[in-house]
Amino acid sequence: MFKNCLENVRNTVPLVHCITNYVTVNDVANVLLACGGSPIMSDEPEDVTDITSICGGLDINIGTLNKRTIEAMKIAGKQANSLGHPVLLDPVGAGASALRTNTSNDLIRDVKFACIRGNISEIKTVANGSGTTRGVDADVADTVTEDTLDKAVQFVKTLAERLDTIIAVTGAIDLVADKDKCYVIRNGRPEMGKITGTGCQLSAIMTAYLVANPDNRLEAAAAAVALMGAAGEIAYGQLTETEGNATYRNRIIDTIYRMDGETLEKSAKVEIC
């Protein structure tokens with residue numbers, strides 16, 4: 001199911017413009033290279049129109065906002081829209097501050113997004129236009145569990161229809177949905193939460209997958225989510241007793257670099273609702 005999506009990325013080497021946060025920018029660049037894409041980082045308003053024009057897609061991450069980068073996000077987003085390039089929004093920490101929440105709302109109003117990816121608290125803030133989160137982490141009360149799964153699936157499908165986009169909620173159970181279909185993905189390890197930036201990395205990978213699979217973007221987005229989770233599982237199994245989260249980060253990126261379609265197909269734990 002996901003093999004073709006991965007191979008399309010490897011074969012086309014999509015160039016992705018990332019306006020991402022400075023905490024994770026190096027890892028985002030490296031994971032894009034590992035998955036088969038190519039990164040360009042630019043957040044200067046006078047630069048982003050040209051940069052986004054030569055790229056295939058745009059990844060907007062609001063993790064470290066300032067007035068200059070907010071302006072750059074809007075300029076780049078509108079330019080990508082005018083060229084028909086897919087744009088992904090990662091509303092990091094939406095609900096944690098008025099600036100993050102308002103910026104997410106403004107971007108969704110002004111830019112057409114092919115996909116919005118976040119944890120459940122961030123996505124609920126996107127849905128409601130306001131909310132509270134525990135920093136950049138999901139509130140425990142919002143966690144998607146087996147008991148709340150049916151309700152969560154309906155929530156993401158409804159939001160996807162309202163915003164006319166793909167909604168991806170990532171956590172212990174991942175949901176990737178449009179208005180008609182939801183991929184439920186159970187890959188990953190809880191230890192991935194001890195690494196800063198796995199979500200940022202995933203958003204960049206998803207953007208590359210959206211670019212490389214223009215006729216099948218929902219499946220491509222789900223494939224990227226499954227890839228990241230599977231890489232987390234495989235990499236964790238390679239850790240020795242003396243290795244910790246820094247090594248784990250590198251092993252995840254290495255595993256993504258070495259991932260092939262057959263391994264992804266075998267490793268993906270997916271059902272469709």
# chains A, B, ... in the order shown; residues from 1 in each chain; ligands from 1
call {"tool": "closest_atom_pairs", "arguments": {"of": "segment 61-130 of chain A", "to": "segment 195-198 of chain A", "cutoff": "12 Å", "atoms": "only C-alpha atoms", "output": "JSON lines"}}
result
{"residue": "A:Asn61", "atom": "CA", "partner": "A:Gly197", "partner_atom": "CA", "distance": 11.0}
{"residue": "A:Gly63", "atom": "CA", "partner": "A:Gly197", "partner_atom": "CA", "distance": 9.9}
{"residue": "A:Asp90", "atom": "CA", "partner": "A:Gly197", "partner_atom": "CA", "distance": 11.6}
{"residue": "A:Val92", "atom": "CA", "partner": "A:Gly197", "partner_atom": "CA", "distance": 10.4}
{"residue": "A:Gly118", "atom": "CA", "partner": "A:Thr198", "partner_atom": "CA", "distance": 11.3}
{"residue": "A:Asn119", "atom": "CA", "partner": "A:Thr198", "partner_atom": "CA", "distance": 11.7}
call {"tool": "write_last_selection", "arguments": {"atoms": "C-alpha atoms", "output": "compact mmCIF listing (two decimals), in the first residue's frame"}}
result
# COMPACT_ATOMS: atom_id res chain seq x y z
CA ASN A 61 6.20 25.07 11.37
CA GLY A 63 7.52 26.37 16.77
CA ASP A 90 2.53 22.19 11.77
CA VAL A 92 3.40 23.65 17.16
CA GLY A 118 -0.18 18.16 15.02
CA ASN A 119 -0.87 16.44 18.29
call {"tool": "closest_atom_pairs", "arguments": {"of": "segment 22-75 of chain A", "to": "segment 251-258 of chain A", "cutoff": "9 Å", "atoms": "only C-alpha atoms", "output": "JSON lines"}}
result
{"residue": "A:Asp27", "atom": "CA", "partner": "A:Ile253", "partner_atom": "CA", "distance": 8.4}
{"residue": "A:Asn30", "atom": "CA", "partner": "A:Ile253", "partner_atom": "CA", "distance": 7.5}
{"residue": "A:Val31", "atom": "CA", "partner": "A:Ile253", "partner_atom": "CA", "distance": 5.7}
{"residue": "A:Leu33", "atom": "CA", "partner": "A:Tyr257", "partner_atom": "CA", "distance": 7.8}
{"residue": "A:Ala34", "atom": "CA", "partner": "A:Tyr257", "partner_atom": "CA", "distance": 4.1}
{"residue": "A:Cys35", "atom": "CA", "partner": "A:Tyr257", "partner_atom": "CA", "distance": 5.5}
{"residue": "A:Gly36", "atom": "CA", "partner": "A:Tyr257", "partner_atom": "CA", "distance": 7.5}
call {"tool": "closest_atom_pairs", "arguments": {"of": "segment 153-238 of chain A", "to": "segment 10-26 of chain A", "cutoff": "8 Å", "atoms": "only C-alpha atoms", "output": "Markdown table"}}
result
| residue | atom | partner | partner_atom | distance |
| --- | --- | --- | --- | --- |
| A:Thr196 | CA | A:Thr24 | CA | 7.2 |
| A:Gly197 | CA | A:Thr24 | CA | 5.5 |
| A:Cys200 | CA | A:Thr24 | CA | 7.0 |
| A:Gln201 | CA | A:Thr24 | CA | 7.9 |
| A:Ala204 | CA | A:Cys18 | CA | 7.3 |
| A:Thr207 | CA | A:Val16 | CA | 7.1 |
| A:Ala208 | CA | A:Pro14 | CA | 5.7 |
| A:Val211 | CA | A:Pro14 | CA | 6.3 |
| A:Ala212 | CA | A:Pro14 | CA | 6.2 |
call {"tool": "select_by_dssp", "arguments": {"residues": "segment 36-121 of chain A", "states": "alpha helix (DSSP H)", "output": "PyMOL selection string"}}
result
chain A and resi 45-54+67-83+98-110+120-121
call {"tool": "closest_atom_pairs", "arguments": {"of": "segment 29-123 of chain A", "to": "segment 174-191 of chain A", "cutoff": "10 Å", "atoms": "only C-alpha atoms", "output": "Markdown table"}}
result
| residue | atom | partner | partner_atom | distance |
| --- | --- | --- | --- | --- |
| A:Cys115 | CA | A:Asp178 | CA | 9.3 |
| A:Ile116 | CA | A:Val176 | CA | 9.7 |
| A:Arg117 | CA | A:Val176 | CA | 8.7 |
| A:Asn119 | CA | A:Asp174 | CA | 9.0 |
| A:Ile120 | CA | A:Asp174 | CA | 9.5 |
call {"tool": "write_last_selection", "arguments": {"atoms": "C-alpha atoms", "output": "PDB file, in the first residue's frame"}}
result
ATOM      1  CA  CYS A 115      -2.350  18.982   5.219  1.00  0.00           C
ATOM      2  CA  ILE A 116      -2.376  20.112   8.841  1.00  0.00           C
ATOM      3  CA  ARG A 117      -0.390  17.909  11.243  1.00  0.00           C
ATOM      4  CA  ASN A 119      -0.867  16.443  18.286  1.00  0.00           C
ATOM      5  CA  ILE A 120      -4.477  16.131  19.374  1.00  0.00           C
TER       6      ILE A 120
END
call {"tool": "select_by_dssp", "arguments": {"residues": "segment 152-208 of chain A", "states": "strand (DSSP E or B)", "output": "ChimeraX atom specification"}}
result
/A:166-169,174-177,182-185
call {"tool": "atom_distance", "arguments": {"atom1": "atom CA of Asp50 of chain A", "atom2": "atom CA of Thr165 of chain A"}}
result
25.4 Å
call {"tool": "residues_around", "arguments": {"residues": "Leu264 of chain A", "least_positions_apart": "2", "cutoff": "12 Å", "atoms": "only C-alpha atoms", "output": "MDAnalysis selection string"}}
result
chainID A and resid 1:7 187 222:231 233:234 255:256 258:262 266:270
call {"tool": "residues_around", "arguments": {"residues": "Thr69 of chain A", "least_positions_apart": "5", "cutoff": "10 Å", "atoms": "only C-alpha atoms", "output": "PDB file with C-alpha atoms, in the first residue's frame"}}
result
ATOM      1  CA  ILE A  19      10.062  27.527   7.381  1.00  0.00           C
ATOM      2  CA  THR A  20      10.666  25.641  10.577  1.00  0.00           C
ATOM      3  CA  ASN A  21      11.810  26.330  14.102  1.00  0.00           C
ATOM      4  CA  SER A  42      14.510  30.189   4.326  1.00  0.00           C
ATOM      5  CA  ASP A  43      12.428  32.469   6.540  1.00  0.00           C
ATOM      6  CA  GLU A  44      13.431  35.943   5.328  1.00  0.00           C
ATOM      7  CA  PRO A  45      10.377  37.708   3.843  1.00  0.00           C
ATOM      8  CA  ILE A  60       5.355  25.735   7.715  1.00  0.00           C
ATOM      9  CA  ILE A  62       5.299  27.702  13.990  1.00  0.00           C
ATOM     10  CA  THR A  64       9.658  29.503  17.217  1.00  0.00           C
ATOM     11  CA  LYS A  74       2.165  34.169   4.811  1.00  0.00           C
ATOM     12  CA  ILE A  75       4.148  35.341   1.791  1.00  0.00           C
TER      13      ILE A  75
END
